[in-house]
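J.: Just so it is clear, I am handing over data-v2.cif, which has mmCIF, C-alpha atoms (C1' of nucleotides).
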```cif
data_target
loop_
_atom_site.group_PDB
_atom_site.id
_atom_site.type_symbol
_atom_site.label_atom_id
_atom_site.label_comp_id
_atom_site.auth_asym_id
_atom_site.auth_seq_id
_atom_site.Cartn_x
_atom_site.Cartn_y
_atom_site.Cartn_z
ATOM 1 C CA MET A 1 0.000 0.000 0.000
ATOM 2 C CA LYS A 2 1.462 3.339 -1.080
ATOM 3 C CA ILE A 3 0.274 6.367 0.910
ATOM 4 C CA ALA A 4 1.202 9.948 0.034
ATOM 5 C CA THR A 5 0.683 13.397 1.524
ATOM 6 C CA PHE A 6 0.652 16.525 -0.634
ATOM 7 C CA ASN A 7 -0.122 20.165 0.199
ATOM 8 C CA ILE A 8 -1.663 21.018 -3.168
ATOM 9 C CA ASN A 9 -2.150 24.801 -2.584
ATOM 10 C CA GLY A 10 -5.558 25.031 -4.264
ATOM 11 C CA ILE A 11 -7.125 21.897 -5.757
ATOM 12 C CA ARG A 12 -8.970 23.750 -8.517
ATOM 13 C CA ALA A 13 -5.780 25.462 -9.689
ATOM 14 C CA ARG A 14 -3.903 22.167 -9.721
ATOM 15 C CA ALA A 15 -6.255 19.253 -10.446
ATOM 16 C CA ALA A 16 -4.584 18.532 -13.809
ATOM 17 C CA ALA A 17 -1.073 18.637 -12.321
ATOM 18 C CA LEU A 18 -2.214 16.332 -9.515
ATOM 19 C CA CYS A 19 -3.624 13.868 -12.079
ATOM 20 C CA ASP A 20 -0.300 13.823 -13.932
ATOM 21 C CA TRP A 21 1.490 12.949 -10.703
ATOM 22 C CA LEU A 22 -1.126 10.296 -9.767
ATOM 23 C CA ASP A 23 -0.619 8.614 -13.144
ATOM 24 C CA GLU A 24 3.127 8.485 -12.571
ATOM 25 C CA ALA A 25 3.394 7.754 -8.835
ATOM 26 C CA LYS A 26 0.314 5.511 -8.609
ATOM 27 C CA PRO A 27 -0.363 5.983 -4.883
ATOM 28 C CA ASP A 28 -3.222 3.995 -3.341
ATOM 29 C CA VAL A 29 -4.053 6.755 -0.881
ATOM 30 C CA VAL A 30 -3.380 10.511 -1.049
ATOM 31 C CA LEU A 31 -3.888 12.945 1.818
ATOM 32 C CA LEU A 32 -4.294 16.479 0.491
ATOM 33 C CA GLN A 33 -3.949 19.785 2.335
ATOM 34 C CA GLU A 34 -4.859 23.368 1.457
ATOM 35 C CA ILE A 35 -7.525 22.359 -1.032
ATOM 36 C CA LYS A 36 -8.898 25.926 -0.560
ATOM 37 C CA SER A 37 -12.315 24.742 -1.629
ATOM 38 C CA VAL A 38 -15.718 23.915 -0.217
ATOM 39 C CA ASP A 39 -16.785 20.275 -0.619
ATOM 40 C CA ASP A 40 -19.206 20.995 -3.479
ATOM 41 C CA ALA A 41 -16.559 22.811 -5.546
ATOM 42 C CA PHE A 42 -13.938 20.046 -5.322
ATOM 43 C CA PRO A 43 -13.262 18.714 -8.861
ATOM 44 C CA ARG A 44 -14.036 15.049 -8.160
ATOM 45 C CA ALA A 45 -14.490 13.670 -11.669
ATOM 46 C CA PRO A 46 -10.853 13.350 -12.820
ATOM 47 C CA PHE A 47 -9.989 11.448 -9.648
ATOM 48 C CA GLU A 48 -13.054 9.203 -9.724
ATOM 49 C CA GLU A 49 -12.246 8.394 -13.360
ATOM 50 C CA ARG A 50 -8.902 7.101 -12.121
ATOM 51 C CA GLY A 51 -10.566 4.848 -9.594
ATOM 52 C CA TYR A 52 -10.160 7.018 -6.513
ATOM 53 C CA ARG A 53 -12.851 7.541 -3.949
ATOM 54 C CA VAL A 54 -12.871 11.213 -2.903
ATOM 55 C CA GLU A 55 -13.563 12.309 0.683
ATOM 56 C CA THR A 56 -13.292 15.997 1.468
ATOM 57 C CA HIS A 57 -13.348 18.229 4.517
ATOM 58 C CA GLY A 58 -13.418 21.612 2.861
ATOM 59 C CA GLN A 59 -13.699 25.258 3.832
ATOM 60 C CA LYS A 60 -14.244 28.439 1.843
ATOM 61 C CA SER A 61 -11.019 30.100 0.607
ATOM 62 C CA PHE A 62 -8.565 28.693 3.135
ATOM 63 C CA ASN A 63 -7.337 25.420 4.585
ATOM 64 C CA GLY A 64 -9.317 22.286 3.709
ATOM 65 C CA VAL A 65 -8.124 18.677 3.590
ATOM 66 C CA ALA A 66 -9.132 15.634 1.546
ATOM 67 C CA LEU A 67 -8.479 11.935 1.116
ATOM 68 C CA LEU A 68 -8.274 10.042 -2.181
ATOM 69 C CA SER A 69 -8.249 6.243 -2.037
ATOM 70 C CA ARG A 70 -8.426 3.467 -4.607
ATOM 71 C CA LEU A 71 -8.627 0.915 -1.765
ATOM 72 C CA PRO A 72 -11.767 0.405 0.340
ATOM 73 C CA VAL A 73 -12.268 3.017 3.066
ATOM 74 C CA GLU A 74 -14.189 2.776 6.343
ATOM 75 C CA ASP A 75 -15.034 4.964 9.329
ATOM 76 C CA ILE A 76 -14.232 8.422 7.943
ATOM 77 C CA ARG A 77 -13.992 11.190 10.535
ATOM 78 C CA ARG A 78 -13.590 14.910 9.940
ATOM 79 C CA GLY A 79 -12.119 17.476 12.330
ATOM 80 C CA LEU A 80 -9.506 17.108 15.063
ATOM 81 C CA PRO A 81 -11.267 16.331 18.377
ATOM 82 C CA GLY A 82 -10.828 18.508 21.431
ATOM 83 C CA ASP A 83 -12.382 21.877 20.491
ATOM 84 C CA GLU A 84 -15.972 21.995 19.273
ATOM 85 C CA GLY A 85 -15.532 25.709 18.518
ATOM 86 C CA ASP A 86 -12.705 25.192 16.016
ATOM 87 C CA GLU A 87 -14.113 26.106 12.586
ATOM 88 C CA GLN A 88 -10.938 25.447 10.587
ATOM 89 C CA ALA A 89 -10.878 22.352 8.326
ATOM 90 C CA ARG A 90 -7.492 20.791 9.067
ATOM 91 C CA TRP A 91 -8.061 17.092 9.833
ATOM 92 C CA ILE A 92 -9.522 14.002 8.133
ATOM 93 C CA GLU A 93 -9.007 10.357 9.036
ATOM 94 C CA ALA A 94 -10.178 6.987 7.794
ATOM 95 C CA THR A 95 -9.355 3.289 7.836
ATOM 96 C CA VAL A 96 -7.959 1.992 4.545
ATOM 97 C CA ILE A 97 -8.280 -1.743 3.853
ATOM 98 C CA GLY A 98 -5.331 -3.310 2.048
ATOM 99 C CA THR A 99 -3.995 -6.751 2.911
ATOM 100 C CA GLN A 100 -4.551 -5.354 6.381
ATOM 101 C CA ALA A 101 -6.253 -2.271 7.771
ATOM 102 C CA VAL A 102 -4.323 0.990 8.268
ATOM 103 C CA ARG A 103 -5.749 4.039 10.023
ATOM 104 C CA VAL A 104 -4.649 7.108 8.052
ATOM 105 C CA CYS A 105 -4.914 10.670 9.374
ATOM 106 C CA GLY A 106 -4.388 13.699 7.143
ATOM 107 C CA LEU A 107 -3.558 16.990 8.816
ATOM 108 C CA TYR A 108 -2.828 20.626 8.033
ATOM 109 C CA LEU A 109 -1.199 22.027 11.138
ATOM 110 C CA PRO A 110 -1.586 25.805 11.627
ATOM 111 C CA ASN A 111 1.293 27.955 10.383
ATOM 112 C CA GLY A 112 1.306 30.073 13.564
ATOM 113 C CA ASN A 113 2.939 33.261 12.289
ATOM 114 C CA PRO A 114 3.365 35.885 13.497
ATOM 115 C CA ALA A 115 4.849 34.546 16.713
ATOM 116 C CA PRO A 116 4.201 35.366 19.439
ATOM 117 C CA GLY A 117 0.510 36.181 19.044
ATOM 118 C CA PRO A 118 -2.958 34.644 18.831
ATOM 119 C CA LYS A 119 -2.140 32.637 15.695
ATOM 120 C CA TYR A 120 0.849 31.123 17.452
ATOM 121 C CA ASP A 121 -1.290 30.333 20.505
ATOM 122 C CA TYR A 122 -3.734 28.554 18.171
ATOM 123 C CA LYS A 123 -0.882 26.526 16.656
ATOM 124 C CA LEU A 124 0.370 25.356 20.057
ATOM 125 C CA SER A 125 -3.119 24.537 21.335
ATOM 126 C CA TRP A 126 -3.819 22.614 18.105
ATOM 127 C CA MET A 127 -0.617 20.628 18.716
ATOM 128 C CA ARG A 128 -1.806 19.749 22.233
ATOM 129 C CA ARG A 129 -5.024 18.375 20.705
ATOM 130 C CA LEU A 130 -2.909 16.491 18.142
ATOM 131 C CA LYS A 131 -0.909 14.917 20.960
ATOM 132 C CA THR A 132 -4.121 13.715 22.596
ATOM 133 C CA ARG A 133 -5.273 12.106 19.329
ATOM 134 C CA ALA A 134 -1.776 10.626 18.876
ATOM 135 C CA GLU A 135 -1.892 9.030 22.329
ATOM 136 C CA ALA A 136 -5.218 7.413 21.489
ATOM 137 C CA LEU A 137 -3.837 6.043 18.210
ATOM 138 C CA LEU A 138 -0.918 4.464 20.079
ATOM 139 C CA LYS A 139 -3.253 2.852 22.592
ATOM 140 C CA GLY A 140 -4.974 1.122 19.680
ATOM 141 C CA GLU A 141 -1.739 -0.800 19.022
ATOM 142 C CA GLU A 142 -2.608 -1.006 15.339
ATOM 143 C CA PRO A 143 -0.974 0.267 12.128
ATOM 144 C CA ALA A 144 -1.739 3.991 11.946
ATOM 145 C CA LEU A 145 -0.092 7.113 10.595
ATOM 146 C CA MET A 146 -0.532 10.870 10.825
ATOM 147 C CA ALA A 147 0.593 12.583 7.619
ATOM 148 C CA GLY A 148 0.474 16.102 6.331
ATOM 149 C CA ASP A 149 1.797 19.629 6.378
ATOM 150 C CA TYR A 150 3.009 19.976 9.971
ATOM 151 C CA ASN A 151 4.454 23.466 9.465
ATOM 152 C CA ILE A 152 7.342 22.334 11.674
ATOM 153 C CA ILE A 153 11.056 22.353 10.804
ATOM 154 C CA PRO A 154 12.214 19.658 13.250
ATOM 155 C CA GLN A 155 16.005 20.155 13.109
ATOM 156 C CA PRO A 156 18.620 22.519 11.620
ATOM 157 C CA GLU A 157 19.357 20.019 8.839
ATOM 158 C CA ASP A 158 15.722 20.344 7.748
ATOM 159 C CA ALA A 159 16.353 23.869 6.394
ATOM 160 C CA LYS A 160 18.890 25.191 3.911
ATOM 161 C CA ARG A 161 19.352 28.317 6.040
ATOM 162 C CA PRO A 162 18.182 27.484 9.582
ATOM 163 C CA GLU A 163 19.474 30.802 10.952
ATOM 164 C CA THR A 164 16.809 32.685 8.973
ATOM 165 C CA TRP A 165 14.019 30.679 10.669
ATOM 166 C CA GLN A 166 15.113 31.293 14.274
ATOM 167 C CA ASP A 167 12.131 33.447 15.321
ATOM 168 C CA ASP A 168 9.620 31.860 12.963
ATOM 169 C CA ALA A 169 6.617 29.849 14.178
ATOM 170 C CA LEU A 170 7.870 26.893 12.092
ATOM 171 C CA TYR A 171 11.127 26.659 14.041
ATOM 172 C CA ARG A 172 10.684 28.370 17.419
ATOM 173 C CA PRO A 173 11.637 26.245 20.439
ATOM 174 C CA GLU A 174 8.027 25.831 21.629
ATOM 175 C CA SER A 175 6.990 24.478 18.207
ATOM 176 C CA ARG A 176 9.841 22.001 18.024
ATOM 177 C CA ARG A 177 9.300 20.942 21.642
ATOM 178 C CA ALA A 178 5.632 20.204 20.884
ATOM 179 C CA TRP A 179 6.777 18.139 17.865
ATOM 180 C CA ARG A 180 9.230 16.172 20.001
ATOM 181 C CA ASP A 181 6.528 15.634 22.657
ATOM 182 C CA ILE A 182 4.533 13.764 20.014
ATOM 183 C CA ILE A 183 7.507 11.889 18.483
ATOM 184 C CA ASN A 184 8.622 10.799 21.942
ATOM 185 C CA LEU A 185 5.312 9.066 22.582
ATOM 186 C CA GLY A 186 6.684 6.396 20.254
ATOM 187 C CA PHE A 187 6.157 7.548 16.669
ATOM 188 C CA THR A 188 8.594 7.086 13.793
ATOM 189 C CA ASP A 189 9.368 10.013 11.464
ATOM 190 C CA ALA A 190 9.075 7.892 8.308
ATOM 191 C CA PHE A 191 11.423 9.949 6.166
ATOM 192 C CA ARG A 192 14.197 10.067 8.770
ATOM 193 C CA ALA A 193 13.952 6.302 9.269
ATOM 194 C CA ARG A 194 14.877 6.029 5.594
ATOM 195 C CA ASP A 195 17.312 8.929 5.048
ATOM 196 C CA GLN A 196 19.288 10.933 7.638
ATOM 197 C CA GLY A 197 20.959 13.186 5.101
ATOM 198 C CA PRO A 198 20.750 16.986 4.755
ATOM 199 C CA GLU A 199 19.091 18.910 1.913
ATOM 200 C CA ASN A 200 15.913 16.833 1.851
ATOM 201 C CA TYR A 201 13.077 19.334 1.615
ATOM 202 C CA THR A 202 9.324 19.311 0.901
ATOM 203 C CA PHE A 203 8.685 23.064 0.497
ATOM 204 C CA TRP A 204 10.340 25.856 -1.473
ATOM 205 C CA ASP A 205 8.993 29.417 -1.407
ATOM 206 C CA TYR A 206 7.741 30.840 -4.706
ATOM 207 C CA GLN A 207 9.858 33.943 -4.170
ATOM 208 C CA ALA A 208 13.493 34.791 -4.808
ATOM 209 C CA GLY A 209 14.331 31.663 -6.776
ATOM 210 C CA ALA A 210 14.086 29.400 -3.745
ATOM 211 C CA TRP A 211 13.656 26.253 -5.872
ATOM 212 C CA SER A 212 16.588 26.962 -8.209
ATOM 213 C CA ARG A 213 18.809 27.628 -5.173
ATOM 214 C CA ASN A 214 17.376 24.607 -3.319
ATOM 215 C CA ASN A 215 16.543 27.003 -0.488
ATOM 216 C CA GLY A 216 13.927 24.683 1.018
ATOM 217 C CA ILE A 217 12.564 23.326 4.287
ATOM 218 C CA ARG A 218 11.272 19.909 5.366
ATOM 219 C CA ILE A 219 7.860 20.598 6.915
ATOM 220 C CA ASP A 220 5.657 17.805 5.513
ATOM 221 C CA HIS A 221 5.931 14.667 7.610
ATOM 222 C CA MET A 222 4.509 11.189 8.195
ATOM 223 C CA LEU A 223 4.480 9.878 11.766
ATOM 224 C CA LEU A 224 3.986 6.108 12.095
ATOM 225 C CA THR A 225 2.849 4.050 15.078
ATOM 226 C CA PRO A 226 5.221 1.151 15.915
ATOM 227 C CA GLN A 227 2.844 -1.317 14.249
ATOM 228 C CA CYS A 228 2.878 0.832 11.103
ATOM 229 C CA ALA A 229 6.638 1.435 11.141
ATOM 230 C CA ASP A 230 7.111 -2.352 11.155
ATOM 231 C CA LEU A 231 5.293 -2.445 7.784
ATOM 232 C CA MET A 232 7.299 0.315 6.077
ATOM 233 C CA SER A 233 9.405 -0.812 3.136
ATOM 234 C CA ASP A 234 10.238 2.585 1.599
ATOM 235 C CA CYS A 235 9.708 6.344 1.920
ATOM 236 C CA GLY A 236 10.531 9.209 -0.413
ATOM 237 C CA ILE A 237 9.982 12.811 -1.513
ATOM 238 C CA ASP A 238 8.955 13.491 -5.131
ATOM 239 C CA ALA A 239 10.874 16.778 -5.309
ATOM 240 C CA GLU A 240 11.164 16.830 -9.100
ATOM 241 C CA ILE A 241 7.603 18.057 -9.644
ATOM 242 C CA ARG A 242 8.442 21.369 -7.926
ATOM 243 C CA GLY A 243 10.198 22.321 -11.170
ATOM 244 C CA ARG A 244 7.105 21.896 -13.375
ATOM 245 C CA GLU A 245 4.694 24.537 -14.718
ATOM 246 C CA ARG A 246 2.662 26.349 -12.028
ATOM 247 C CA PRO A 247 3.548 23.901 -9.237
ATOM 248 C CA SER A 248 2.388 23.869 -5.637
ATOM 249 C CA ASP A 249 5.036 25.258 -3.314
ATOM 250 C CA HIS A 250 5.049 21.816 -1.588
ATOM 251 C CA VAL A 251 5.836 18.391 -3.111
ATOM 252 C CA PRO A 252 4.512 14.889 -2.288
ATOM 253 C CA LEU A 253 5.961 12.726 0.476
ATOM 254 C CA TRP A 254 5.080 9.008 0.390
ATOM 255 C CA VAL A 255 5.522 5.700 2.194
ATOM 256 C CA GLU A 256 5.249 2.150 0.936
ATOM 257 C CA LEU A 257 3.730 -0.268 3.484
ATOM 258 C CA ASP A 258 3.500 -4.067 3.351
ATOM 259 C CA ALA A 259 -0.229 -3.834 3.960
ATOM 260 C "C1'" DA B 1 13.415 42.445 3.140
ATOM 261 C "C1'" DT B 2 7.688 45.049 7.170
ATOM 262 C "C1'" DG B 3 7.505 39.282 1.675
ATOM 263 C "C1'" DC B 4 10.861 39.184 -4.070
ATOM 264 C "C1'" DC B 5 4.982 34.872 -5.752
ATOM 265 C "C1'" DT B 6 0.598 32.544 -5.881
ATOM 266 C "C1'" DC B 7 -3.604 31.130 -4.116
ATOM 267 C "C1'" DC B 8 -8.222 32.610 -2.743
ATOM 268 C "C1'" DC B 9 -12.083 35.993 -2.680
ATOM 269 C "C1'" DC B 10 -14.670 37.136 -7.614
ATOM 270 C "C1'" DG B 11 -13.980 40.828 -11.242
ATOM 271 C "C1'" DA B 12 -10.102 45.380 -7.486
ATOM 272 C "C1'" DG B 13 -6.838 44.902 -4.636
ATOM 273 C "C1'" DG B 14 -6.306 42.670 -0.079
ATOM 274 C "C1'" DG B 15 -5.600 38.527 3.148
ATOM 275 C "C1'" DA B 16 -2.974 34.418 3.822
ATOM 276 C "C1'" DG B 17 0.698 31.572 3.192
ATOM 277 C "C1'" DA B 18 5.732 30.062 5.377
#
```
Turn the structure described in the file into structure tokens.

T.:
Amino acid sequence: MKIATFNINGIRARAAALCDWLDEAKPDVVLLQEIKSVDDAFPRAPFEERGYRVETHGQKSFNGVALLSRLPVEDIRRGLPGDEGDEQARWIEATVIGTQAVRVCGLYLPNGNPAPGPKYDYKLSWMRRLKTRAEALLKGEEPALMAGDYNIIPQPEDAKRPETWQDDALYRPESRRAWRDIINLGFTDAFRARDQGPENYTFWDYQAGAWSRNNGIRIDHMLLTPQCADLMSDCGIDAEIRGRERPSDHVPLWVELDA
DNA sequence: ATGCCTCCCCGAGGGAGA
């Protein structure tokens, strides 16, 4: 089972580009972030034609997440538990049935800038709710993963120029501590289990030639429960598509599971 | 660089992103 996460930065602006990548990469499951679309405006047809079931959790203009699956899906849930007043569409989860069942969670963690401030407070409180959901997933003792745009640069080697991110919500000590609090529960950072090297990024700013200078950051992640990590056979970043026409500013990250 | 692009809103120019 191949599972990917991709911050698409507007599904309507990039449905054709996403289809091109689907045809090449052939993932079974794709978790999308920043669809920037309400559910009714999501362009479902090209994905359904390719055999994908489409499940959305959309919002007008901003945020929005979705799940595409060409394997059977059960028990879809929308919204991160823990705050009934949270109106922002940043979480979708479902059980995907391959040779065994895998619980997949797609997330779009708040950016949090400017920090400090109310947006940063929202980011940190959202991460506390994420930790609570993560603890529950671990208690299930089943294959599960949480994948998406975490808006977290975990370590200096995850940025080309870490010194420029020092006061940014993506890299501030409180953000990275909250990330480690979740990792330390017992999750595996799938990409780092596969590759410990520098200069592996998932995002490059549109401005100032960031892509051509490889001035990137690694902020899209997949965290695996122990039972899921045991199934992982490969993990990679499809960086090449960042160089195509009108790309998203993020690229896909994927895992291959024996499931 | 208090933002160099690009998305969204919809039909101008501003908010948000990271």

J.: If the PyMOL selection byres ((chain A and resi 148) around 9) is run on the structure shown, which residues does it catch, given as a list in words?

T.: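 The output of the PyMOL selection byres ((chain A and resi 148) around 9) on this file is Ala4, Thr5, Phe6, Asn7, Leu31, Leu32, Gln33, Cys105, Gly106, Leu107, Tyr108, Leu109, Met146, Ala147, Asp149, Tyr150, Asn151, Ile219, Asp220, His221, Met222 and Leu253 of chain A.
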
J.: Next, the residues of the selection above should be written as a compact mmCIF listing (two decimals), in the coordinates of the input with C-alpha atoms.

T.:
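Okay, this is what ended up in selection-v6.txt:
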```
# COMPACT_ATOMS: atom_id res chain seq x y z
CA ALA A 4 1.20 9.95 0.03
CA THR A 5 0.68 13.40 1.52
CA PHE A 6 0.65 16.52 -0.63
CA ASN A 7 -0.12 20.16 0.20
CA LEU A 31 -3.89 12.94 1.82
CA LEU A 32 -4.29 16.48 0.49
CA GLN A 33 -3.95 19.78 2.34
CA CYS A 105 -4.91 10.67 9.37
CA GLY A 106 -4.39 13.70 7.14
CA LEU A 107 -3.56 16.99 8.82
CA TYR A 108 -2.83 20.63 8.03
CA LEU A 109 -1.20 22.03 11.14
CA MET A 146 -0.53 10.87 10.82
CA ALA A 147 0.59 12.58 7.62
CA ASP A 149 1.80 19.63 6.38
CA TYR A 150 3.01 19.98 9.97
CA ASN A 151 4.45 23.47 9.46
CA ILE A 219 7.86 20.60 6.92
CA ASP A 220 5.66 17.80 5.51
CA HIS A 221 5.93 14.67 7.61
CA MET A 222 4.51 11.19 8.20
CA LEU A 253 5.96 12.73 0.48
```

J.: Could you tell me which of A:Trp21, A:Trp254, A:Trp211, A:Tyr120 comes closest to Glu174 (chain A) if we count only C-alpha atoms?

T.: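 Distance minimum relative to Glu174 (chain A) lands on A:Tyr120.
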
J.: Within 9 Å of chain A, which residues of chain B show up when using all atoms listed in the file, listed as a PyMOL selection string?

T.: chain B and resi 3-9+16-18

J.: Would you mind exporting the chosen residues as an mmCIF file, in the coordinates of the input, restricted to C-alpha atoms (C1' of nucleotides)?

T.:
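Result went into selection_24.cif, see below:
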```cif
data_model
loop_
_atom_site.group_PDB
_atom_site.id
_atom_site.type_symbol
_atom_site.label_atom_id
_atom_site.label_comp_id
_atom_site.auth_asym_id
_atom_site.auth_seq_id
_atom_site.Cartn_x
_atom_site.Cartn_y
_atom_site.Cartn_z
ATOM 1 C "C1'" DG B 3 7.505 39.282 1.675
ATOM 2 C "C1'" DC B 4 10.861 39.184 -4.070
ATOM 3 C "C1'" DC B 5 4.982 34.872 -5.752
ATOM 4 C "C1'" DT B 6 0.598 32.544 -5.881
ATOM 5 C "C1'" DC B 7 -3.604 31.130 -4.116
ATOM 6 C "C1'" DC B 8 -8.222 32.610 -2.743
ATOM 7 C "C1'" DC B 9 -12.083 35.993 -2.680
ATOM 8 C "C1'" DA B 16 -2.974 34.418 3.822
ATOM 9 C "C1'" DG B 17 0.698 31.572 3.192
ATOM 10 C "C1'" DA B 18 5.732 30.062 5.377
#
```

J.: If I take CA of Gly236 (chain A) and CA of Arg194 (chain A), how far is one from the other in Å, to one decimal?

T.: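 For CA of Gly236 (chain A) relative to CA of Arg194 (chain A), the distance reads 8.1 Å.
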
J.: What does the PyMOL selection byres ((chain A and resi 184-189) around 12) select in this file, as a PyMOL selection string?

T.: chain A and resi 130-139+141+143-148+150+154+176-183+190-196+218-232+235-236+253-255

J.: As AutoDock Vina command-line options, please report the centre and edge lengths, rounded to one decimal in Å, of the axis-aligned box that holds all listed atoms of region 5-18 of chain B with 4 Å of padding on each of the six sides.

T.:
```
--center_x -4.5 --center_y 37.7 --center_z -2.9 --size_x 28.4 --size_y 23.3 --size_z 24.6
```

J.: How many Å separate CA of Ala45 (chain A) from CA of Ile76 (chain A)?

T.: 20.3 Å

J.: Which residues come within 12 Å of Pro43 (chain A), counting all atoms listed in the file, excluding same-chain residues fewer than 4 positions away, as a PyMOL selection string?

T.: chain A and resi 10-16+18-19+35-39+47-49+54-56+66

J.: Go through the shown structure with the PyMOL selection byres ((chain A and resi 2) around 6) and write out the matching residues as a PyMOL selection string.

T.: chain A and resi 1+3+27-28+255-256

J.: With C-alpha atoms retained, export the selected residues as a PDB file, keeping the file's coordinate frame.

T.:
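File written: again33.pdb
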```pdb
ATOM      1  CA  MET A   1       0.000   0.000   0.000  1.00  0.00           C
ATOM      2  CA  ILE A   3       0.274   6.367   0.910  1.00  0.00           C
ATOM      3  CA  PRO A  27      -0.363   5.983  -4.883  1.00  0.00           C
ATOM      4  CA  ASP A  28      -3.222   3.995  -3.341  1.00  0.00           C
ATOM      5  CA  VAL A 255       5.522   5.700   2.194  1.00  0.00           C
ATOM      6  CA  GLU A 256       5.249   2.150   0.936  1.00  0.00           C
TER       7      GLU A 256
END
```

J.: Write out as number ranges by chain each polymer residue whose atoms come within 10 Å of Pro81 (chain A), counting only C-alpha atoms (C1' of nucleotides); drop sequence neighbours fewer than 2 positions from it.

T.: A: 77-79, 83-84, 86, 91, 126, 129-130, 132-133

J.: Looking at A:Gly197, A:Pro252, A:Ala89, A:Leu67, which one is nearest to Asp238 (chain A), with distances taken over only C-alpha atoms?

T.: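 Of all the options, A:Pro252 lies closest to Asp238 (chain A).
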
J.: Between CA of Ser212 (chain A) and CA of Gly64 (chain A), what is the distance, to one decimal in Å?

T.: 28.9 Å
